[in-house]
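So the structure is just underneath, and the comments pick up after that.
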Amino acid sequence: MGKKDIKGYNALVTGGTSGMGWEYCQQLAAKGCNILMVSVQQEQLAELPERIANDFGVEAWGLYADLSQSSAADEVWRYCREHALEIDILVNNAGMFFFHEIDADTQDKALIMLRLHVLTTTRLMMMFGEAMKKRKRGYIVNMSSMTAQLPTPGTTMYSATKAYLKSYSKSLYYEMAPYEVGVTTVVPGAIATPLYQMKPRLMKMGLAVGLIRTPQWLVRRALRGMLMRRQEVKPGAMNYIVPVIIRLLPNGIEQRIWNRFRQPKSVGLSNN
């Protein structure tokens with residue numbers, strides 16, 4: 001059972017200015033954590049740290065960083081060192097998504113996604129995780145996805161990178177345990193955030209029937225799992241139903257479904 005009083009801890013949240021990242025910032029601040037939000041959204045970075053500080057009575061900072069760049073993790077680490085910020089909670093939340101086959105038009109996006117989801121996230125875990133090991137305290141939360149279990153056409157790179165995070169985090173969980181550092185992987189299904197650029201009507205329908213969940217719902221469960229030092233948080237019945245259904249589909253049927261619903265242009269891009 002992990003330490004539940006995290007008041008005064010410093011939390012770093014990537015993609016912290018929108019969607020689930022913003023919800024992590026608010027819920028962690030409500031528990032008394034100081035917040036460093038990292039994002040590419042400059043306008044929000046100029047406003048939201050002050051709002052967090054005023055609303056919750058904690059310290060809050062904003063750092064602009066394009067986490068899809070190969071040097072980004074080192075820039076974040078350097079910022080923390082220069083400002084004497086010891087990070088106790090690392091939330092790797094920043095992500096992007098597009099639904100399209102990998103072709104000449106999407107190869108660049110796919111490589112951006114690979115750097116964002118894999119390279120930068122891994123580097124952040126290495127640097128901040130090592131510091132946590134020396135202090136023998138800390139938490140790492142990695143946002144994977146239900147698609148990690150569903151390598152399907154259209155989400156080729158997204159599913160693969162989320163599967164990497166799930167696998168890496170599981171191994172790291174055991175490596176970090178002797179040092180009192182928790183590593184928790186969050187594996188959500190569909191969440192109502194701007195990431196997927198879903199039409200409002202479809203979003204509303206999905207929320208009404210429980211196929212889509214709110215960021216508030218997910219983050220509450222993620223932080224509860226983090227504090228309990230759970231290896232994995234996989235909330236919602238869809239996480240258990242959908243993968244089974246997909247695995248039961250014959251390859252030929254899956255191919256026909258993809259041929260029918262494939263889109264000529266990529267849809268959805270978010271790097272926060």
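Letters A, B, ... mark the chains of the structure tokens in the order given; residue numbers begin at 1 per chain; ligand numbers begin at 1, in order shown.
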
- Please provide as a PyMOL selection string all residues within 10 Å of segment 28-39 of chain A, with the sequence filter that same-chain residues fewer than 4 positions apart are discarded (counting only C-alpha atoms). chain A and resi 4-18+21-24+44-45+48-49+52-53+55-67+76+80+85+87-91+93-94+219-220+223+271-272

Please produce a file of the residues just selected, as a compact mmCIF listing (two decimals), in the first residue's frame, where the atoms kept are C-alpha atoms.
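Below you can see result.txt, which holds the result:
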```txt
# COMPACT_ATOMS: atom_id res chain seq x y z
CA LYS A 4 -1.61 8.42 0.39
CA ASP A 5 -0.69 11.88 1.69
CA ILE A 6 1.01 13.60 -1.24
CA LYS A 7 0.49 17.16 -0.07
CA GLY A 8 3.51 19.24 -1.02
CA TYR A 9 4.66 16.83 -3.72
CA ASN A 10 5.75 18.27 -7.07
CA ALA A 11 3.86 16.76 -10.02
CA LEU A 12 4.91 17.06 -13.65
CA VAL A 13 2.07 16.53 -16.13
CA THR A 14 2.81 16.42 -19.84
CA GLY A 15 0.00 17.65 -22.06
CA GLY A 16 -1.26 19.40 -18.95
CA THR A 17 -3.29 22.20 -20.54
CA SER A 18 -6.21 20.25 -22.01
CA GLY A 21 -3.81 16.35 -18.67
CA TRP A 22 -5.73 19.35 -17.37
CA GLU A 23 -7.86 17.04 -15.25
CA TYR A 24 -4.72 15.46 -13.77
CA GLN A 44 -3.17 28.13 -22.11
CA LEU A 45 0.26 28.00 -20.45
CA LEU A 48 -3.76 27.92 -16.45
CA PRO A 49 -0.86 27.73 -13.95
CA ILE A 52 -4.36 26.30 -10.51
CA ALA A 53 -2.41 28.35 -7.96
CA ASP A 55 -7.98 27.79 -7.03
CA PHE A 56 -6.01 25.30 -4.94
CA GLY A 57 -3.43 27.32 -3.02
CA VAL A 58 -0.43 25.47 -4.47
CA GLU A 59 2.50 26.49 -6.62
CA ALA A 60 2.12 25.99 -10.35
CA TRP A 61 4.36 26.54 -13.35
CA GLY A 62 3.98 26.26 -17.10
CA LEU A 63 6.68 25.07 -19.47
CA TYR A 64 6.43 25.24 -23.25
CA ALA A 65 7.98 22.17 -24.86
CA ASP A 66 7.33 20.27 -28.08
CA LEU A 67 7.64 16.77 -26.73
CA VAL A 76 12.30 19.45 -19.41
CA CYS A 80 13.64 21.29 -13.42
CA LEU A 85 12.30 21.30 -8.82
CA ILE A 87 9.62 15.86 -9.31
CA ASP A 88 7.80 13.37 -7.10
CA ILE A 89 5.01 12.47 -9.53
CA LEU A 90 5.54 12.12 -13.29
CA VAL A 91 2.39 11.81 -15.41
CA ASN A 93 -0.05 12.01 -20.59
CA ALA A 94 0.84 13.97 -23.75
CA VAL A 219 -8.35 10.43 -13.58
CA ARG A 220 -10.02 9.70 -10.22
CA LEU A 223 -4.81 8.51 -9.12
CA ASN A 271 0.18 16.97 -29.88
CA ASN A 272 -0.24 18.35 -26.38
```

- Message: Going by DSSP on the backbone, which residues of segment 65-154 of chain A come out as strand (DSSP E or B)? List them as JSON, numbers by chain.
- Response: {"A": [89, 90, 91, 92, 99, 138, 139, 140, 141, 142, 143]}

Save out the residues we just selected, all heavy atoms, as a CSV table (one decimal), in the first residue's frame.
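To be explicit, this is the file written out as part-v9.csv:
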```csv
chain,number,residue,atom,x,y,z
A,89,ILE,N,6.0,13.2,-8.8
A,89,ILE,CA,5.0,12.5,-9.5
A,89,ILE,C,5.2,12.9,-11.0
A,89,ILE,O,5.1,14.0,-11.3
A,89,ILE,CB,3.6,12.9,-9.1
A,89,ILE,CG1,3.4,12.5,-7.6
A,89,ILE,CG2,2.5,12.2,-9.9
A,89,ILE,CD1,2.1,13.0,-7.0
A,90,LEU,N,5.4,11.9,-11.8
A,90,LEU,CA,5.5,12.1,-13.3
A,90,LEU,C,4.3,11.5,-14.0
A,90,LEU,O,4.1,10.3,-13.9
A,90,LEU,CB,6.8,11.5,-13.8
A,90,LEU,CG,7.0,11.5,-15.3
A,90,LEU,CD1,7.1,12.9,-15.9
A,90,LEU,CD2,8.3,10.7,-15.7
A,91,VAL,N,3.5,12.3,-14.7
A,91,VAL,CA,2.4,11.8,-15.4
A,91,VAL,C,2.7,12.0,-16.9
A,91,VAL,O,2.7,13.1,-17.4
A,91,VAL,CB,1.1,12.6,-15.0
A,91,VAL,CG1,-0.1,12.0,-15.8
A,91,VAL,CG2,0.8,12.4,-13.5
A,92,ASN,N,2.9,10.9,-17.6
A,92,ASN,CA,3.2,10.9,-19.0
A,92,ASN,C,1.9,10.8,-19.7
A,92,ASN,O,1.4,9.7,-20.0
A,92,ASN,CB,4.1,9.8,-19.4
A,92,ASN,CG,5.6,10.1,-19.0
A,92,ASN,OD1,6.1,11.1,-19.3
A,92,ASN,ND2,6.2,9.1,-18.3
A,99,PHE,N,-6.4,8.6,-37.4
A,99,PHE,CA,-7.0,7.3,-37.9
A,99,PHE,C,-6.8,7.3,-39.4
A,99,PHE,O,-7.5,8.0,-40.2
A,99,PHE,CB,-8.5,7.3,-37.6
A,99,PHE,CG,-9.1,6.0,-38.0
A,99,PHE,CD1,-8.9,4.8,-37.3
A,99,PHE,CD2,-9.9,5.9,-39.2
A,99,PHE,CE1,-9.5,3.6,-37.7
A,99,PHE,CE2,-10.5,4.8,-39.6
A,99,PHE,CZ,-10.3,3.6,-38.8
A,138,GLY,N,8.3,8.2,-4.9
A,138,GLY,CA,7.9,8.8,-6.2
A,138,GLY,C,6.8,7.9,-6.9
A,138,GLY,O,6.6,6.8,-6.5
A,139,TYR,N,6.2,8.5,-7.9
A,139,TYR,CA,5.2,7.8,-8.6
A,139,TYR,C,5.4,8.2,-10.1
A,139,TYR,O,5.6,9.3,-10.5
A,139,TYR,CB,3.8,8.2,-8.2
A,139,TYR,CG,3.4,8.0,-6.8
A,139,TYR,CD1,3.6,9.0,-5.8
A,139,TYR,CD2,2.9,6.8,-6.4
A,139,TYR,CE1,3.2,8.8,-4.5
A,139,TYR,CE2,2.5,6.5,-5.1
A,139,TYR,CZ,2.7,7.5,-4.1
A,139,TYR,OH,2.4,7.3,-2.8
A,140,ILE,N,5.2,7.2,-11.0
A,140,ILE,CA,5.2,7.4,-12.4
A,140,ILE,C,3.8,6.9,-12.9
A,140,ILE,O,3.5,5.7,-12.6
A,140,ILE,CB,6.3,6.7,-13.1
A,140,ILE,CG1,7.7,7.3,-12.7
A,140,ILE,CG2,6.2,6.8,-14.6
A,140,ILE,CD1,8.9,6.6,-13.2
A,141,VAL,N,3.1,7.7,-13.7
A,141,VAL,CA,1.9,7.3,-14.3
A,141,VAL,C,2.0,7.4,-15.8
A,141,VAL,O,2.3,8.5,-16.3
A,141,VAL,CB,0.7,8.2,-13.8
A,141,VAL,CG1,-0.6,7.8,-14.5
A,141,VAL,CG2,0.5,8.1,-12.3
A,142,ASN,N,1.8,6.3,-16.5
A,142,ASN,CA,1.9,6.3,-18.0
A,142,ASN,C,0.5,6.0,-18.6
A,142,ASN,O,-0.2,5.1,-18.2
A,142,ASN,CB,2.9,5.2,-18.4
A,142,ASN,CG,4.3,5.6,-18.1
A,142,ASN,OD1,4.7,6.7,-18.1
A,142,ASN,ND2,5.1,4.6,-17.7
A,143,MET,N,0.1,6.9,-19.5
A,143,MET,CA,-1.2,6.7,-20.2
A,143,MET,C,-1.0,5.8,-21.4
A,143,MET,O,-0.5,6.2,-22.5
A,143,MET,CB,-1.7,8.1,-20.6
A,143,MET,CG,-2.1,9.0,-19.4
A,143,MET,SD,-3.3,8.3,-18.4
A,143,MET,CE,-4.7,8.1,-19.5
```

- Message: Could you tell me how far atom CA of Pro153 of chain A sits from atom CA of Ser169 of chain A, in Å to one decimal place?
- Response: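 Separating atom CA of Ser169 of chain A from atom CA of Pro153 of chain A is a distance of 24.4 Å.
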